[in-house]
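First the structure, in the form of structure tokens, and then the observations on it.
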Amino acid sequence: MSIDSNLADLRNADVVVTDGGIETWIDFNSDYELGDLGTIGMLDDGPGRAVLVDLETRYIKAAREHDLEIVIGTPSWHGAAHRLVAAGHPEEDVERLNRSAVWLVRALRREVAHGRGFVAAVMGPFGDGYKPQDSLNVEQAFSVHQRQADALAEAEPDFLFAVPLPAADEAVGMCQAMAATGAAYVPSFLIGADGRLPDGLPLGEAIGRILSEVDVAPLHVSVSCVHPRTFVAGYKASQELVGAANLSLVAELKANGSDLPKEALDGSTELHSDDPAQWAADMVTARDVANLRILGGCCGTDERHIAALAAALTA
């Protein structure tokens, strides 16, 4: 954990926002073309870094205009060794690029947010976050994700953040890898309106597996990449399923801007997203239903959504 970490403030805060959509914003609101590596592939490219700085600056300003702290995610979602090597990078770029991603966001916190806010070092699952059949077992996940977790932790973020997690086995292995670094960590699950992960396990039961199979408990638990109305339905459903007592650890929602299914959004040439005010109202409902403290955006959201959310949370 960094010497300038604000982690204690995050533990104690009643209301915090996060940044919003990253890759969808770049795809639809900029002229930059993402490669196979997504945002981590932008770090070696001057125009790419400029886009990242511009985007996160927008999110930081949206939060600060309402005097709220913000969680800023690092551009490292595709920074695991298997993805970098497949894209033609040498293995040592795992360390170089992941550290660069954390240092970029730490600089933004210092220079744009004036030292306020939290740095979340982002890790992605092995395969498609919506397809549990692409996920790893516990042992494989620990082995595959350990190197990136170590690299991110060495750059001293506030915490490590794994997102989105569609299967409990890989989630456990990733959490073991993150916990082994000594850094605080947060798993962020994908759930449906039935309260279950895509692998079929109830959200509370998946959390229970982390609590029983990882030596150190997570900082909190997050849900991401679902619309707020889907989250509300899923959270209510999960209260009737195995592990419901573990839902008290759920403190965060990073929600999509559209409630259309992924199949309808893949390959779309236009961005589908709710009106920011309506989305913010749905987020406030989600907060009230699940007693959330940390709220922000995921696919399809932009700085307008985060500004509307910040306004709604401080009204």
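Ordered as shown in the structure tokens, chains take letters A, B, and onward, while each chain numbers its residues from 1 and ligands are numbered from 1 in the order shown.
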List the spatial neighbours of Leu136 in chain A as a ChimeraX atom specification - criterion: any atom at most 9 Å away, only C-alpha atoms, same-chain residues fewer than 5 positions off excluded. /A:125-127,141,144,167,169-171,173
Write out as a PyMOL selection string the residues lying within 6 Å of Val223 in chain A, counting only C-alpha atoms and excluding same-chain residues fewer than 5 positions away. chain A and resi 188-190+253
Output all heavy atoms of each residue in that selection to a file, as an mmCIF file, in the first residue's frame.
data_model
loop_
_atom_site.group_PDB
_atom_site.id
_atom_site.type_symbol
_atom_site.label_atom_id
_atom_site.label_comp_id
_atom_site.auth_asym_id
_atom_site.auth_seq_id
_atom_site.Cartn_x
_atom_site.Cartn_y
_atom_site.Cartn_z
ATOM 1 N N SER A 188 -15.026 -8.191 -7.804
ATOM 2 C CA SER A 188 -16.233 -7.577 -8.343
ATOM 3 C C SER A 188 -16.959 -8.604 -9.214
ATOM 4 O O SER A 188 -16.474 -8.987 -10.274
ATOM 5 C CB SER A 188 -15.884 -6.329 -9.159
ATOM 6 O OG SER A 188 -17.050 -5.603 -9.487
ATOM 7 N N PHE A 189 -18.122 -9.034 -8.748
ATOM 8 C CA PHE A 189 -18.852 -10.121 -9.400
ATOM 9 C C PHE A 189 -19.852 -9.612 -10.426
ATOM 10 O O PHE A 189 -20.392 -8.510 -10.312
ATOM 11 C CB PHE A 189 -19.604 -10.941 -8.354
ATOM 12 C CG PHE A 189 -18.719 -11.759 -7.465
ATOM 13 C CD1 PHE A 189 -18.448 -11.336 -6.170
ATOM 14 C CD2 PHE A 189 -18.147 -12.938 -7.912
ATOM 15 C CE1 PHE A 189 -17.636 -12.088 -5.331
ATOM 16 C CE2 PHE A 189 -17.333 -13.690 -7.092
ATOM 17 C CZ PHE A 189 -17.071 -13.266 -5.793
ATOM 18 N N LEU A 190 -20.105 -10.458 -11.388
ATOM 19 C CA LEU A 190 -21.196 -10.257 -12.341
ATOM 20 C C LEU A 190 -22.357 -11.123 -11.887
ATOM 21 O O LEU A 190 -22.179 -12.317 -11.615
ATOM 22 C CB LEU A 190 -20.727 -10.687 -13.733
ATOM 23 C CG LEU A 190 -21.691 -10.531 -14.901
ATOM 24 C CD1 LEU A 190 -21.970 -9.059 -15.165
ATOM 25 C CD2 LEU A 190 -21.101 -11.187 -16.147
ATOM 26 N N LEU A 253 -21.334 -0.880 -6.301
ATOM 27 C CA LEU A 253 -21.940 -1.217 -7.584
ATOM 28 C C LEU A 253 -21.347 -0.326 -8.659
ATOM 29 O O LEU A 253 -21.408 0.899 -8.567
ATOM 30 C CB LEU A 253 -23.461 -1.029 -7.538
ATOM 31 C CG LEU A 253 -24.192 -1.165 -8.882
ATOM 32 C CD1 LEU A 253 -24.029 -2.581 -9.450
ATOM 33 C CD2 LEU A 253 -25.671 -0.800 -8.736
#
Spatial neighbours of range 224-238 of chain A, max dist 8 Å, only C-alpha atoms, sep filter under 4 positions, as number ranges by chain: A: 163-164, 188-196, 202-204, 242, 244, 253-259, 279, 282-283, 285-286, 289-290, 298-299
If we count only C-alpha atoms and set the cut-off at 12 Å, which residues sit around Gly41 in chain A, ignoring sequence neighbours fewer than 5 positions away in its own chain? Please answer as a ChimeraX atom specification. /A:23,32-36,46-49,52,75-80,83-84,87-89,93-94,96-98,100-101
Atoms kept (N, CA and C atoms) for selection, written as a PDB file, in the first residue's frame:
ATOM      1  N   GLU A  23     -13.681   1.668 -21.876  1.00  0.00           N
ATOM      2  CA  GLU A  23     -13.532   1.229 -23.267  1.00  0.00           C
ATOM      3  C   GLU A  23     -14.722   1.641 -24.115  1.00  0.00           C
ATOM      4  N   TYR A  32      -9.989   7.452 -31.083  1.00  0.00           N
ATOM      5  CA  TYR A  32      -8.924   6.469 -30.852  1.00  0.00           C
ATOM      6  C   TYR A  32      -9.466   5.053 -31.075  1.00  0.00           C
ATOM      7  N   GLU A  33      -8.679   4.218 -31.729  1.00  0.00           N
ATOM      8  CA  GLU A  33      -9.081   2.837 -31.985  1.00  0.00           C
ATOM      9  C   GLU A  33      -8.354   1.905 -31.033  1.00  0.00           C
ATOM     10  N   LEU A  34      -9.123   1.234 -30.199  1.00  0.00           N
ATOM     11  CA  LEU A  34      -8.547   0.292 -29.251  1.00  0.00           C
ATOM     12  C   LEU A  34      -8.053  -0.959 -29.962  1.00  0.00           C
ATOM     13  N   GLY A  35      -6.905  -1.470 -29.522  1.00  0.00           N
ATOM     14  CA  GLY A  35      -6.407  -2.726 -30.037  1.00  0.00           C
ATOM     15  C   GLY A  35      -6.875  -3.886 -29.176  1.00  0.00           C
ATOM     16  N   ASP A  36      -6.300  -5.060 -29.411  1.00  0.00           N
ATOM     17  CA  ASP A  36      -6.701  -6.261 -28.683  1.00  0.00           C
ATOM     18  C   ASP A  36      -6.439  -6.156 -27.180  1.00  0.00           C
ATOM     19  N   GLY A  46       1.597   7.877 -27.184  1.00  0.00           N
ATOM     20  CA  GLY A  46       1.340   9.233 -26.685  1.00  0.00           C
ATOM     21  C   GLY A  46      -0.102   9.663 -26.822  1.00  0.00           C
ATOM     22  N   PRO A  47      -0.711   9.572 -28.009  1.00  0.00           N
ATOM     23  CA  PRO A  47      -2.125   9.934 -28.132  1.00  0.00           C
ATOM     24  C   PRO A  47      -3.036   9.078 -27.255  1.00  0.00           C
ATOM     25  N   GLY A  48      -2.670   7.797 -27.087  1.00  0.00           N
ATOM     26  CA  GLY A  48      -3.471   6.928 -26.244  1.00  0.00           C
ATOM     27  C   GLY A  48      -3.432   7.357 -24.793  1.00  0.00           C
ATOM     28  N   ARG A  49      -2.251   7.667 -24.278  1.00  0.00           N
ATOM     29  CA  ARG A  49      -2.146   8.145 -22.897  1.00  0.00           C
ATOM     30  C   ARG A  49      -2.933   9.443 -22.715  1.00  0.00           C
ATOM     31  N   LEU A  52      -6.564   8.647 -22.236  1.00  0.00           N
ATOM     32  CA  LEU A  52      -6.804   8.128 -20.886  1.00  0.00           C
ATOM     33  C   LEU A  52      -6.808   9.244 -19.850  1.00  0.00           C
ATOM     34  N   PRO A  75      -5.720   1.548 -16.056  1.00  0.00           N
ATOM     35  CA  PRO A  75      -5.924   0.961 -17.383  1.00  0.00           C
ATOM     36  C   PRO A  75      -5.106  -0.318 -17.554  1.00  0.00           C
ATOM     37  N   SER A  76      -5.466  -1.347 -16.798  1.00  0.00           N
ATOM     38  CA  SER A  76      -4.658  -2.564 -16.770  1.00  0.00           C
ATOM     39  C   SER A  76      -5.491  -3.831 -16.866  1.00  0.00           C
ATOM     40  N   TRP A  77      -6.725  -3.720 -17.316  1.00  0.00           N
ATOM     41  CA  TRP A  77      -7.653  -4.844 -17.308  1.00  0.00           C
ATOM     42  C   TRP A  77      -7.116  -6.036 -18.115  1.00  0.00           C
ATOM     43  N   HIS A  78      -6.431  -5.778 -19.207  1.00  0.00           N
ATOM     44  CA  HIS A  78      -5.880  -6.846 -20.048  1.00  0.00           C
ATOM     45  C   HIS A  78      -4.372  -6.985 -19.834  1.00  0.00           C
ATOM     46  N   GLY A  79      -3.935  -6.773 -18.595  1.00  0.00           N
ATOM     47  CA  GLY A  79      -2.499  -6.753 -18.325  1.00  0.00           C
ATOM     48  C   GLY A  79      -1.901  -8.052 -17.844  1.00  0.00           C
ATOM     49  N   ALA A  80      -2.641  -9.160 -17.895  1.00  0.00           N
ATOM     50  CA  ALA A  80      -2.085 -10.454 -17.494  1.00  0.00           C
ATOM     51  C   ALA A  80      -1.130 -10.969 -18.571  1.00  0.00           C
ATOM     52  N   ARG A  83      -2.376 -12.460 -22.004  1.00  0.00           N
ATOM     53  CA  ARG A  83      -2.890 -11.500 -22.982  1.00  0.00           C
ATOM     54  C   ARG A  83      -1.761 -10.696 -23.625  1.00  0.00           C
ATOM     55  N   LEU A  84      -0.802 -10.269 -22.818  1.00  0.00           N
ATOM     56  CA  LEU A  84       0.304  -9.490 -23.360  1.00  0.00           C
ATOM     57  C   LEU A  84       1.141 -10.316 -24.324  1.00  0.00           C
ATOM     58  N   ALA A  87      -0.412 -10.839 -27.637  1.00  0.00           N
ATOM     59  CA  ALA A  87      -0.380  -9.628 -28.468  1.00  0.00           C
ATOM     60  C   ALA A  87       1.032  -9.279 -28.944  1.00  0.00           C
ATOM     61  N   GLY A  88       2.006 -10.141 -28.639  1.00  0.00           N
ATOM     62  CA  GLY A  88       3.355  -9.930 -29.133  1.00  0.00           C
ATOM     63  C   GLY A  88       4.298  -9.228 -28.186  1.00  0.00           C
ATOM     64  N   HIS A  89       3.889  -9.022 -26.934  1.00  0.00           N
ATOM     65  CA  HIS A  89       4.751  -8.368 -25.957  1.00  0.00           C
ATOM     66  C   HIS A  89       5.654  -9.391 -25.270  1.00  0.00           C
ATOM     67  N   ASP A  93       6.977  -7.274 -19.927  1.00  0.00           N
ATOM     68  CA  ASP A  93       6.055  -6.144 -20.011  1.00  0.00           C
ATOM     69  C   ASP A  93       4.916  -6.256 -19.003  1.00  0.00           C
ATOM     70  N   VAL A  94       4.721  -7.429 -18.413  1.00  0.00           N
ATOM     71  CA  VAL A  94       3.733  -7.550 -17.340  1.00  0.00           C
ATOM     72  C   VAL A  94       4.088  -6.566 -16.232  1.00  0.00           C
ATOM     73  N   ARG A  96       6.333  -3.954 -16.423  1.00  0.00           N
ATOM     74  CA  ARG A  96       6.494  -2.580 -16.902  1.00  0.00           C
ATOM     75  C   ARG A  96       5.152  -1.892 -17.132  1.00  0.00           C
ATOM     76  N   LEU A  97       4.241  -2.533 -17.836  1.00  0.00           N
ATOM     77  CA  LEU A  97       2.992  -1.889 -18.194  1.00  0.00           C
ATOM     78  C   LEU A  97       2.031  -1.781 -17.004  1.00  0.00           C
ATOM     79  N   ASN A  98       1.988  -2.809 -16.168  1.00  0.00           N
ATOM     80  CA  ASN A  98       1.089  -2.722 -15.014  1.00  0.00           C
ATOM     81  C   ASN A  98       1.549  -1.662 -14.026  1.00  0.00           C
ATOM     82  N   SER A 100       3.227   0.989 -14.857  1.00  0.00           N
ATOM     83  CA  SER A 100       2.943   2.254 -15.528  1.00  0.00           C
ATOM     84  C   SER A 100       1.483   2.647 -15.375  1.00  0.00           C
ATOM     85  N   ALA A 101       0.578   1.659 -15.433  1.00  0.00           N
ATOM     86  CA  ALA A 101      -0.850   1.939 -15.284  1.00  0.00           C
ATOM     87  C   ALA A 101      -1.161   2.511 -13.907  1.00  0.00           C
TER      88      ALA A 101
END
Identify which of the residues A:Leu55, A:Leu295, A:Ala280, A:Ala121 lies closest to Thr24 in chain A, counting only C-alpha atoms when measuring atom-to-atom distances. A:Leu55
A:Arg11, A:Arg147, A:Arg58, A:Arg99: which is nearest Ile294 in chain A, counting only C-alpha atoms?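 Residue with the minimum atom-to-atom distance to Ile294 in chain A: A:Arg11.
The interatomic distance for the pair CA of Phe161 in chain A and CA of Thr314 in chain A works out to 25.8 Å.
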Excluding Gly208 in chain A and its own-chain neighbours fewer than 4 positions away, which residues fall within 8 Å of it when counting only C-alpha atoms? Please give them as a PDB file with N, CA and C atoms, in the first residue's frame.
ATOM      1  N   GLY A 204     -24.105 -14.755  -2.599  1.00  0.00           N
ATOM      2  CA  GLY A 204     -23.686 -14.934  -1.209  1.00  0.00           C
ATOM      3  C   GLY A 204     -22.820 -16.163  -1.017  1.00  0.00           C
ATOM      4  N   SER A 212     -13.826 -18.364   3.093  1.00  0.00           N
ATOM      5  CA  SER A 212     -13.335 -19.623   3.653  1.00  0.00           C
ATOM      6  C   SER A 212     -12.064 -20.130   2.986  1.00  0.00           C
ATOM      7  N   GLY A 243     -26.059 -18.427   1.464  1.00  0.00           N
ATOM      8  CA  GLY A 243     -25.028 -17.428   1.707  1.00  0.00           C
ATOM      9  C   GLY A 243     -25.539 -16.024   1.887  1.00  0.00           C
ATOM     10  N   ASN A 246     -23.751 -13.327   3.878  1.00  0.00           N
ATOM     11  CA  ASN A 246     -22.511 -12.720   3.378  1.00  0.00           C
ATOM     12  C   ASN A 246     -22.747 -11.462   2.552  1.00  0.00           C
TER      13      ASN A 246
END
Enumerate, as a ChimeraX atom specification, the complete set of residues in range 107-311 of chain A that a backbone-based DSSP assignment places in helix (DSSP H, G or I). /A:107-111,132-134,138-154,168-180,203-213,228-238,244-249,262-265,276-290,303-311
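The two atoms in question, CA of Asn291 in chain A and CA of Asp128 in chain A, are spaced 29.2 Å apart.
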Any idea what the distance is between CA of Ala183 in chain A and CA of Phe159 in chain A?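 According to the coordinates, CA of Ala183 in chain A and CA of Phe159 in chain A are separated by 6.0 Å.
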Go through range 63-234 of chain A and collect every residue that DSSP, computed from the backbone, puts in strand (DSSP E); the answer should be as a list in words.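 Of range 63-234 of chain A, only Ile70, Val71, Ile72, Gly73, Phe118, Val119, Ala120, Ala121, Val122, Met123, Phe159, Leu160, Phe161, Ala162, Val163, Pro164, Leu165, Tyr185, Val186, Pro187, Ser188, Phe189, Val221, Ser222, Val223, Ser224, Cys225 and Val226 of chain A fall in strand (DSSP E).
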12 Å contact set for Val112 in chain A, only C-alpha atoms, chain neighbours under 3 positions out, as a PyMOL selection string: chain A and resi 53-64+70+72+104-109+115-117
Residues at most 8 Å from Arg209 in chain A, counting only C-alpha atoms, excluding those fewer than 3 positions away in the same chain, as an mmCIF file with N, CA and C atoms, in the first residue's frame?
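Generated file (around.cif):
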data_model
loop_
_atom_site.group_PDB
_atom_site.id
_atom_site.type_symbol
_atom_site.label_atom_id
_atom_site.label_comp_id
_atom_site.auth_asym_id
_atom_site.auth_seq_id
_atom_site.Cartn_x
_atom_site.Cartn_y
_atom_site.Cartn_z
ATOM 1 N N ALA A 168 -17.068 -18.655 -9.597
ATOM 2 C CA ALA A 168 -16.505 -18.635 -8.250
ATOM 3 C C ALA A 168 -15.107 -19.227 -8.185
ATOM 4 N N VAL A 172 -11.983 -17.197 -6.584
ATOM 5 C CA VAL A 172 -11.208 -17.617 -5.416
ATOM 6 C C VAL A 172 -9.723 -17.585 -5.726
ATOM 7 N N GLU A 205 -23.105 -17.225 -1.748
ATOM 8 C CA GLU A 205 -22.302 -18.436 -1.643
ATOM 9 C C GLU A 205 -20.910 -18.208 -2.230
ATOM 10 N N ALA A 206 -20.833 -17.469 -3.326
ATOM 11 C CA ALA A 206 -19.527 -17.147 -3.909
ATOM 12 C C ALA A 206 -18.685 -16.324 -2.935
ATOM 13 N N SER A 212 -13.826 -18.364 3.093
ATOM 14 C CA SER A 212 -13.335 -19.623 3.653
ATOM 15 C C SER A 212 -12.064 -20.130 2.986
ATOM 16 N N GLU A 213 -11.783 -19.685 1.743
ATOM 17 C CA GLU A 213 -10.661 -20.242 0.988
ATOM 18 C C GLU A 213 -9.511 -19.255 0.763
#
Please determine, counting only C-alpha atoms, which residue among A:Gly182, A:Gly20, A:Pro166, A:Gly124 has the shortest atom-to-atom distance to Ala81 in chain A.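 Comparing A:Gly182, A:Gly20, A:Pro166, A:Gly124 against Ala81 in chain A, the winner is A:Gly124.
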